[in-house]
Structure formats: C-alpha cells, structure tokens
Amino acid sequence: MILQALCDYYQMLANDPEAKIARPGYSQVPCSYAILLNTAGDLLSLITLAEGKHKEVLTVPEQKGRSGKKAYFLCDNAKYLLGGEFNKKEKTLAPAPDYLSASYAYHGKRIGSTPDPGLQAVLSFLKKRMNGESVDIPADHPVYLGGNIVFRLENDSGYIHEREAATDLCAEQELTDAETPRSQCLITGEENVPIARIHKLLSGVTNANTTGCAVVSFNMDSVESYGKKQSYNAPVSESAMFQYTTALNYLLAGKTNKLRLGETTVVFWANKKGIVQNSMAFFLNNAPDTTESGEDTEMEAKIARLLIRVREGKSISDIADPTTQTYILGLSPNAARASIRFWYEDTFGNFITKMADHQNNMWVGSPHKPQSIISISQILRKLAPESKTWWENVPASYENALFKAIVTGGRYPMSVYTAVLVRIRAEAGKEYSIDAVRAGYLKAVLRRNYYHEELSMSLDLSSTNPAYLLGNLFAVLELLQKSANGSSNIRSRYFASASVNPKLVFPSLLNLAQHHIVKDDQSGGWYDRQIQNLLGRITEFPAYLSLEDQGMFVLGYYHQREYNYLKKEDKEKLEA
C-alpha cells in the first residue's frame, strides 16, 4: 500500500512540469562542489555550490544504493573523483587509490570513445589522477570531508552530466542487463519485469546514516528465503523501485510536506495538488506551500472557511474535493534502514473532519478572535523544558500516540496529558507555563477522553465543577495580589500544590486575600464580589484532585485569567 501510493504520487509529479521530479535514469542529490575543467582534463578551479548547510540540489545520473567500491557516473565524492578523503581522527588527508581506480575504470567503460569533449575531459582528469598528478587543492579543504562533486567544462554554462552525449549514455544504461532476474512486481502487478536487487537509499530521514537508509533491504541470511538474496525476497521492479524512492526523496527534500516529531520524520501528501496539500501542511506543520504573503493570507482564509463548513456540517466540495486521497507516513532511523512508525490513508473529507474536531477541542481564548491552528509539533514542544534540543526529552511513544489520536479521531494519550500537567507545575512561576497550547491540550483531553462536552473555548460563567471553579478562584486571587502590591508571587509559590491539594492551600490564600482587599482602592470592590460569587458555588475544598480534576483546575485558571484581561465590551458579550 505504501509503495504503491508513492508510485502513484511519482506519476502525478512526473506529469507536472513545475515539480521538476527526476526522470528514470536520474537522481536528485545535494551537491557541494563543481570541478571546472578544460578540454585537456586540467582542473581550472573548484566552484562551491553550498551556502552554509544548504547545498544545491541537482538532477544527476541515477545513484542507487552501493556497497563496496562502486562508483557513480559524473557525480561522486572526493574519494572516487580526487582519490583522497580527510581523516578526522588523524586530521590528515588519507589516499584512496582503490576508490579512484574503481571510478576511472567505471567511467572508462561508460564513456569509451564517445567523441564528446566534456566526457573526454572527465576521463582525462581521472586518468591524470591515476598517473599520480596532484591537484591544486589544499589537504584541509572541505571538499575532502564529503559531499557530491560534479563537473563543468570551460566556457560551458551547464554541467557535463547535462550534455546531450551524457544523457544519451544514461538512456542506454536504462536498457537493463539481460542477466537481471525477472519476476512479477509486487507493486504494479506487471509480469516478467526486471527486479531491483538493491533499492535506492533515502536522504533526509532524521538521524539516519549519512549515506542514507532504505525502506526495503535484506542483508542477513536469517531474513532470506527460498535461496533468494537481498531485495529479490520482495520482488519490486526496477521501474517501481525508482518511482517510489524518487517520490519519497522528493518529499524528504522538501519543507512544506515534511515535519519532524522528535526522532520521527513525517511526510504527507495527497493525490491532487492545491488546497488539499496546503491544508495538510497548515494542520500538520503550519507551513503553507506558498511563497508570497498574499498567497498565505488567501490560503488561510480558505482553510478558515473549511473549518467553519465542517463545524456547521456543510459541504466543502466548492472549496476542495472531499474524495481526494491523503497519506501520512512516519519514518524513523534503524541502522541502515528506515522503520515505518505509522501509516495513515484516508479521504480529505475524513481528514479535514478529524482535524476540525481536534482544533475545536484545542481552541481556548476569546471567542471574538479568529481560531489559530496548533500543529502537533507545537504540542510536543510543550512537553519538555525550553531548549534547542527539546525533542531529546520527549519519548517517541508520545509522538506516535498523539499523532495517531489526532489523525484517527481516537482518544488522546493520557501520557501526554500527564506530561503537560507535570511541566505546568514545574514551571508554574514562569509566564509561559500555562499558555494556549498546554491549556488547549488539557481541554481537548477533557472533552474527548472524559466526555466534558460542555467545555468551551472561554470562561464558563455557569460552571458548577468544583475543580474548574477553584482554578477561577486562584486566578482572581492572583490578580488581586497584583492589583494591591503591583506584583504577584502566589502562582510560583502555591500553584503546584493548589492544583493537587487545594484544602491545604486555599484557606491561607483567602486569609491573605483579606489584606489585599483592604489595600485595593481601584476596582470598586470587583475582586471581593468575584471571590464571594465563586465561594458561593464552591461547596468544599477537596483534600486531593484527580488527574481529571487537575486538568479542570488548570483550564479554569487559564479561562479566568484570559477573562480578567478582556475589554469591558468583550466581557459584556461573554456574560450575555
């Protein structure tokens, strides 16, 4: 299912001239340098193609997975093209004559006597390296640290691998060797087609091997059967292998159709371009596939209309095709392989319904402000202390469970709910400890897992839930102290214990509040009336709050705090 969906996506991209997807016989790889040659094969200069960590992605002759000393055509690293590699441990340039020899032999076989000055210049360049002629490149140059190198001929605007003679050789290479085993392809169902022995590696999976990783790979006797070696165990045609790996590398190389959830790399796509793919990017990654701010605004307006339509139970067919298929794939590194963490496939109509329900559950704040979309990664960031490597402190099980709950409409993971409460208590004294993301997730769990459908995005003035009212009361007491003294410290000192053991804390807070009420001469008794109103609805202070009630306490606090800072006219609207 996964490989078939990727093959279909490749066909869609191949029919789109704007996609610039690699055609059969080619690969799209990041390149770091270009060697400028004259027709005699002399190195004139080394051109840098990378800016910082960003490398230029070029369409080069196909680079399949390799083992041992196997050279690539017209695009390779310094070991194969310059005959050396920098040894990081010894900090010296280590010669690699065997790799250079393999590259020279391979290019000699492919190019032969082809009368093209560019191809012959490459062959002459490699021959000079074989004969021991050095190049004017310092031993500590970054080119020896790795990265792909291509060739360019003097006075030629393009690269040598783009010359007509080179493309003709690549087309000839597509004529598969007659000795290649043939069988029925598991993906396309075609019979008697050449089967791929090794599948092309993927680039862009977080924390995978620097050389890449494979989705389909067999290299142990224990996983081989019926005498079949390597990927012949799972017969996939050369053509289908190229299509699914190229499509997946295309997604992994992009930004808008990919996100990182800790150690998991997630790619998502649809079988149609436009609003559907852009909507998926907004909901999953907050990264619209647009380049101009005007387009961003228009897309946000369309997605807002989609949410409203879904919430009201109306058709969305005039904005987007609800039958469009959507796909989400989660990959994580496992040695030289990519493990499938999760796979989601559904229509866009079902996808947008699940997303709208999730966003509605997460929505907290003023009902008079537009709803903001909170992505999965934003929730995960709130489960760990603020740092550049926050994901290292978020277990992979949290990522998968949360993602599954959101895209399938299932119960939210309680492990994430508990982690949010822990972070709130640990950071209670910090301003960002209770924000819209954390409060929103608690509300989402309370609505879906504990069936509190009555919870809305803003303060519930008619609530009778004791834990919710205690949260309201704590927010009023905090604001009262700030109004009386100019600052407040009760959240940093008492919030953690008040949200778990209110009976131990609130009597002291109410006693302290009496001193603050005496000092308050600006509110006209508003705080006193608020406290009396809340105490009139609270029958007792519980000795202990359950996990469910702890979430209600935090949500009540957040709602009351947001209400306290509303404008007078907005308060009147809410009360009405």
# chains A, B, ... in the order shown; residues from 1 in each chain; ligands from 1

$ residues_around --residues "Gly147 of chain A" --least-positions-apart "6" --cutoff "12 Å" --atoms "only C-alpha atoms" --output "list in words"
Val29, Pro30, Cys31, Ser32, Tyr33, Ala34, Thr48, Leu49, Ala50, Lys53, His54, Lys55, Glu56, Val57, Cys75, Asp76, Asn77, Ala78, Lys79, Tyr80, Leu81, Glu85, Thr210 and Thr211 of chain A

$ write_last_selection --atoms "N, CA and C atoms" --output "tab-separated table (two decimals), in the first residue's frame"
chain	number	residue	atom	x	y	z
A	29	VAL	N	20.13	14.91	-6.10
A	29	VAL	CA	21.00	14.82	-4.93
A	29	VAL	C	21.58	16.20	-4.61
A	30	PRO	N	21.87	16.47	-3.34
A	30	PRO	CA	22.53	17.72	-2.97
A	30	PRO	C	24.00	17.68	-3.35
A	31	CYS	N	24.46	18.73	-3.99
A	31	CYS	CA	25.86	18.79	-4.45
A	31	CYS	C	26.58	19.94	-3.78
A	32	SER	N	27.86	19.71	-3.43
A	32	SER	CA	28.63	20.71	-2.70
A	32	SER	C	29.62	21.48	-3.57
A	33	TYR	N	30.18	20.80	-4.60
A	33	TYR	CA	31.22	21.44	-5.41
A	33	TYR	C	31.08	21.04	-6.88
A	34	ALA	N	31.65	21.89	-7.73
A	34	ALA	CA	31.76	21.59	-9.16
A	34	ALA	C	33.20	21.81	-9.58
A	48	THR	N	32.23	26.36	-5.46
A	48	THR	CA	31.41	25.97	-4.31
A	48	THR	C	29.92	26.13	-4.64
A	49	LEU	N	29.16	25.06	-4.41
A	49	LEU	CA	27.72	25.08	-4.68
A	49	LEU	C	26.88	25.16	-3.42
A	50	ALA	N	27.53	25.16	-2.26
A	50	ALA	CA	26.80	25.16	-0.99
A	50	ALA	C	26.95	26.50	-0.29
A	53	LYS	N	24.84	25.20	5.36
A	53	LYS	CA	24.36	23.82	5.32
A	53	LYS	C	23.48	23.56	4.10
A	54	HIS	N	23.14	24.61	3.37
A	54	HIS	CA	22.27	24.45	2.20
A	54	HIS	C	23.11	24.12	0.97
A	55	LYS	N	22.81	22.97	0.37
A	55	LYS	CA	23.52	22.53	-0.83
A	55	LYS	C	22.60	22.60	-2.04
A	56	GLU	N	23.18	22.81	-3.19
A	56	GLU	CA	22.39	22.90	-4.41
A	56	GLU	C	21.95	21.50	-4.83
A	57	VAL	N	20.66	21.32	-5.01
A	57	VAL	CA	20.12	20.02	-5.43
A	57	VAL	C	20.11	19.96	-6.95
A	75	CYS	N	29.11	12.14	-11.03
A	75	CYS	CA	28.78	12.84	-9.78
A	75	CYS	C	29.12	11.90	-8.63
A	76	ASP	N	30.11	12.28	-7.82
A	76	ASP	CA	30.53	11.41	-6.74
A	76	ASP	C	31.28	12.24	-5.70
A	77	ASN	N	31.82	11.59	-4.67
A	77	ASN	CA	32.56	12.31	-3.64
A	77	ASN	C	34.05	12.32	-3.93
A	78	ALA	N	34.81	12.94	-3.02
A	78	ALA	CA	36.24	13.14	-3.25
A	78	ALA	C	37.03	11.82	-3.31
A	79	LYS	N	36.59	10.81	-2.60
A	79	LYS	CA	37.30	9.53	-2.63
A	79	LYS	C	37.35	8.97	-4.05
A	80	TYR	N	36.25	9.07	-4.77
A	80	TYR	CA	36.16	8.49	-6.11
A	80	TYR	C	36.69	9.42	-7.20
A	81	LEU	N	36.58	10.72	-6.99
A	81	LEU	CA	36.97	11.65	-8.06
A	81	LEU	C	38.32	12.31	-7.84
A	85	GLU	N	40.49	11.26	1.00
A	85	GLU	CA	39.45	11.57	1.98
A	85	GLU	C	40.12	12.06	3.25
A	210	THR	N	24.58	8.82	7.41
A	210	THR	CA	24.89	9.92	6.49
A	210	THR	C	24.79	9.47	5.03
A	211	THR	N	25.01	8.19	4.78
A	211	THR	CA	24.91	7.68	3.40
A	211	THR	C	23.47	7.44	2.99

$ residues_around --residues "segment 436-438 of chain A" --least-positions-apart "2" --cutoff "8 Å" --atoms "only C-alpha atoms" --output "number ranges by chain"
A: 362-365, 374, 378-379, 382, 420, 434, 440-442

$ atom_distance --atom1 "atom CA of Arg305 of chain A" --atom2 "atom CA of Ala270 of chain A"
19.9 Å

$ residues_around --residues "Asn564 of chain A" --least-positions-apart "6" --cutoff "9 Å" --atoms "only C-alpha atoms" --output "PyMOL selection string"
chain A and resi 475-476+479+571

$ closest_atom_pairs --of "segment 388-489 of chain A" --to "segment 509-527 of chain A" --cutoff "10 Å" --atoms "only C-alpha atoms" --output "CSV"
residue,atom,partner,partner_atom,distance
A:Leu473,CA,A:Leu510,CA,9.6
A:Phe474,CA,A:Leu509,CA,8.5
A:Val476,CA,A:Tyr527,CA,7.0
A:Leu477,CA,A:Ala513,CA,6.6
A:Glu478,CA,A:Ala513,CA,9.1
A:Leu479,CA,A:Tyr527,CA,8.6
A:Leu480,CA,A:Tyr527,CA,6.5
A:Gln481,CA,A:His516,CA,6.0
A:Lys482,CA,A:His516,CA,9.0
A:Ser483,CA,A:Asp520,CA,6.8
A:Ala484,CA,A:Asp520,CA,5.2
A:Asn485,CA,A:His516,CA,7.8

$ atom_distance --atom1 "atom CA of Val276 of chain A" --atom2 "atom CA of Phe351 of chain A"
9.9 Å

$ select_by_dssp --residues "segment 247-434 of chain A" --states "helix (DSSP H, G or I)" --output "PyMOL selection string"
chain A and resi 247-253+275-285+293-311+348-362+376-381+390-393+396-408+414-426+431-433

$ select_by_dssp --residues "segment 144-281 of chain A" --states "strand (DSSP E)" --output "number ranges by chain"
A: 148-153, 182-183, 193-194, 258-261, 264-270

$ residues_around --residues "Ala234 of chain A" --least-positions-apart "3" --cutoff "12 Å" --atoms "only C-alpha atoms" --output "PDB file with N, CA and C atoms, in the first residue's frame"
ATOM      1  N   LEU A   3       4.151   1.669  -0.823  1.00  0.00           N
ATOM      2  CA  LEU A   3       4.964   1.830  -2.031  1.00  0.00           C
ATOM      3  C   LEU A   3       4.089   2.130  -3.238  1.00  0.00           C
ATOM      4  N   SER A 183      10.669 -11.206 -12.730  1.00  0.00           N
ATOM      5  CA  SER A 183       9.570 -11.804 -11.979  1.00  0.00           C
ATOM      6  C   SER A 183       8.377 -10.854 -12.052  1.00  0.00           C
ATOM      7  N   GLN A 184       7.342 -11.175 -11.285  1.00  0.00           N
ATOM      8  CA  GLN A 184       6.184 -10.286 -11.205  1.00  0.00           C
ATOM      9  C   GLN A 184       6.423  -9.242 -10.125  1.00  0.00           C
ATOM     10  N   CYS A 185       6.149  -7.994 -10.432  1.00  0.00           N
ATOM     11  CA  CYS A 185       6.349  -6.892  -9.489  1.00  0.00           C
ATOM     12  C   CYS A 185       5.219  -6.877  -8.463  1.00  0.00           C
ATOM     13  N   LEU A 186       5.586  -6.807  -7.192  1.00  0.00           N
ATOM     14  CA  LEU A 186       4.589  -6.790  -6.128  1.00  0.00           C
ATOM     15  C   LEU A 186       3.770  -5.499  -6.104  1.00  0.00           C
ATOM     16  N   ILE A 187       4.315  -4.427  -6.665  1.00  0.00           N
ATOM     17  CA  ILE A 187       3.631  -3.128  -6.610  1.00  0.00           C
ATOM     18  C   ILE A 187       2.690  -2.936  -7.792  1.00  0.00           C
ATOM     19  N   ILE A 195      13.804  -7.146 -11.869  1.00  0.00           N
ATOM     20  CA  ILE A 195      13.616  -6.912 -10.437  1.00  0.00           C
ATOM     21  C   ILE A 195      14.848  -6.226  -9.863  1.00  0.00           C
ATOM     22  N   ALA A 196      14.621  -5.220  -9.005  1.00  0.00           N
ATOM     23  CA  ALA A 196      15.711  -4.464  -8.385  1.00  0.00           C
ATOM     24  C   ALA A 196      16.396  -5.311  -7.309  1.00  0.00           C
ATOM     25  N   ARG A 197      17.731  -5.402  -7.382  1.00  0.00           N
ATOM     26  CA  ARG A 197      18.481  -6.149  -6.378  1.00  0.00           C
ATOM     27  C   ARG A 197      18.705  -5.311  -5.126  1.00  0.00           C
ATOM     28  N   ILE A 198      19.052  -4.024  -5.312  1.00  0.00           N
ATOM     29  CA  ILE A 198      19.265  -3.099  -4.207  1.00  0.00           C
ATOM     30  C   ILE A 198      18.412  -1.864  -4.459  1.00  0.00           C
ATOM     31  N   HIS A 199      17.670  -1.419  -3.465  1.00  0.00           N
ATOM     32  CA  HIS A 199      16.818  -0.249  -3.614  1.00  0.00           C
ATOM     33  C   HIS A 199      17.588   1.020  -3.273  1.00  0.00           C
ATOM     34  N   VAL A 215      14.047   1.633   2.822  1.00  0.00           N
ATOM     35  CA  VAL A 215      12.786   1.102   3.320  1.00  0.00           C
ATOM     36  C   VAL A 215      12.732  -0.405   3.090  1.00  0.00           C
ATOM     37  N   VAL A 216      13.219  -0.842   1.916  1.00  0.00           N
ATOM     38  CA  VAL A 216      13.260  -2.267   1.574  1.00  0.00           C
ATOM     39  C   VAL A 216      14.717  -2.690   1.497  1.00  0.00           C
ATOM     40  N   SER A 217      15.125  -3.610   2.369  1.00  0.00           N
ATOM     41  CA  SER A 217      16.524  -4.023   2.398  1.00  0.00           C
ATOM     42  C   SER A 217      16.651  -5.379   3.076  1.00  0.00           C
ATOM     43  N   PHE A 218      17.436  -6.277   2.478  1.00  0.00           N
ATOM     44  CA  PHE A 218      17.729  -7.589   3.051  1.00  0.00           C
ATOM     45  C   PHE A 218      19.235  -7.815   2.954  1.00  0.00           C
ATOM     46  N   VAL A 223      16.935 -13.501   7.148  1.00  0.00           N
ATOM     47  CA  VAL A 223      15.723 -12.910   6.584  1.00  0.00           C
ATOM     48  C   VAL A 223      15.564 -13.240   5.110  1.00  0.00           C
ATOM     49  N   GLU A 224      16.427 -14.110   4.602  1.00  0.00           N
ATOM     50  CA  GLU A 224      16.333 -14.529   3.193  1.00  0.00           C
ATOM     51  C   GLU A 224      15.676 -15.901   3.129  1.00  0.00           C
ATOM     52  N   SER A 225      14.938 -16.144   2.063  1.00  0.00           N
ATOM     53  CA  SER A 225      14.215 -17.404   1.943  1.00  0.00           C
ATOM     54  C   SER A 225      14.218 -17.898   0.501  1.00  0.00           C
ATOM     55  N   TYR A 226      14.027 -19.202   0.338  1.00  0.00           N
ATOM     56  CA  TYR A 226      13.963 -19.840  -0.972  1.00  0.00           C
ATOM     57  C   TYR A 226      15.170 -19.529  -1.839  1.00  0.00           C
ATOM     58  N   LYS A 228      16.723 -16.834  -2.270  1.00  0.00           N
ATOM     59  CA  LYS A 228      16.741 -15.502  -2.889  1.00  0.00           C
ATOM     60  C   LYS A 228      17.556 -14.549  -2.029  1.00  0.00           C
ATOM     61  N   LYS A 229      18.445 -13.795  -2.652  1.00  0.00           N
ATOM     62  CA  LYS A 229      19.331 -12.874  -1.957  1.00  0.00           C
ATOM     63  C   LYS A 229      18.806 -11.444  -2.028  1.00  0.00           C
ATOM     64  N   GLN A 230      19.167 -10.651  -1.020  1.00  0.00           N
ATOM     65  CA  GLN A 230      18.893  -9.215  -0.968  1.00  0.00           C
ATOM     66  C   GLN A 230      17.437  -8.917  -1.306  1.00  0.00           C
ATOM     67  N   SER A 231      17.172  -7.880  -2.113  1.00  0.00           N
ATOM     68  CA  SER A 231      15.790  -7.441  -2.314  1.00  0.00           C
ATOM     69  C   SER A 231      15.001  -8.324  -3.274  1.00  0.00           C
ATOM     70  N   SER A 237       9.934  -4.221  -9.209  1.00  0.00           N
ATOM     71  CA  SER A 237      10.590  -3.941 -10.489  1.00  0.00           C
ATOM     72  C   SER A 237      11.525  -2.748 -10.380  1.00  0.00           C
ATOM     73  N   MET A 241      10.729   0.563  -8.231  1.00  0.00           N
ATOM     74  CA  MET A 241      11.693   0.962  -7.204  1.00  0.00           C
ATOM     75  C   MET A 241      12.144   2.393  -7.421  1.00  0.00           C
TER      76      MET A 241
END
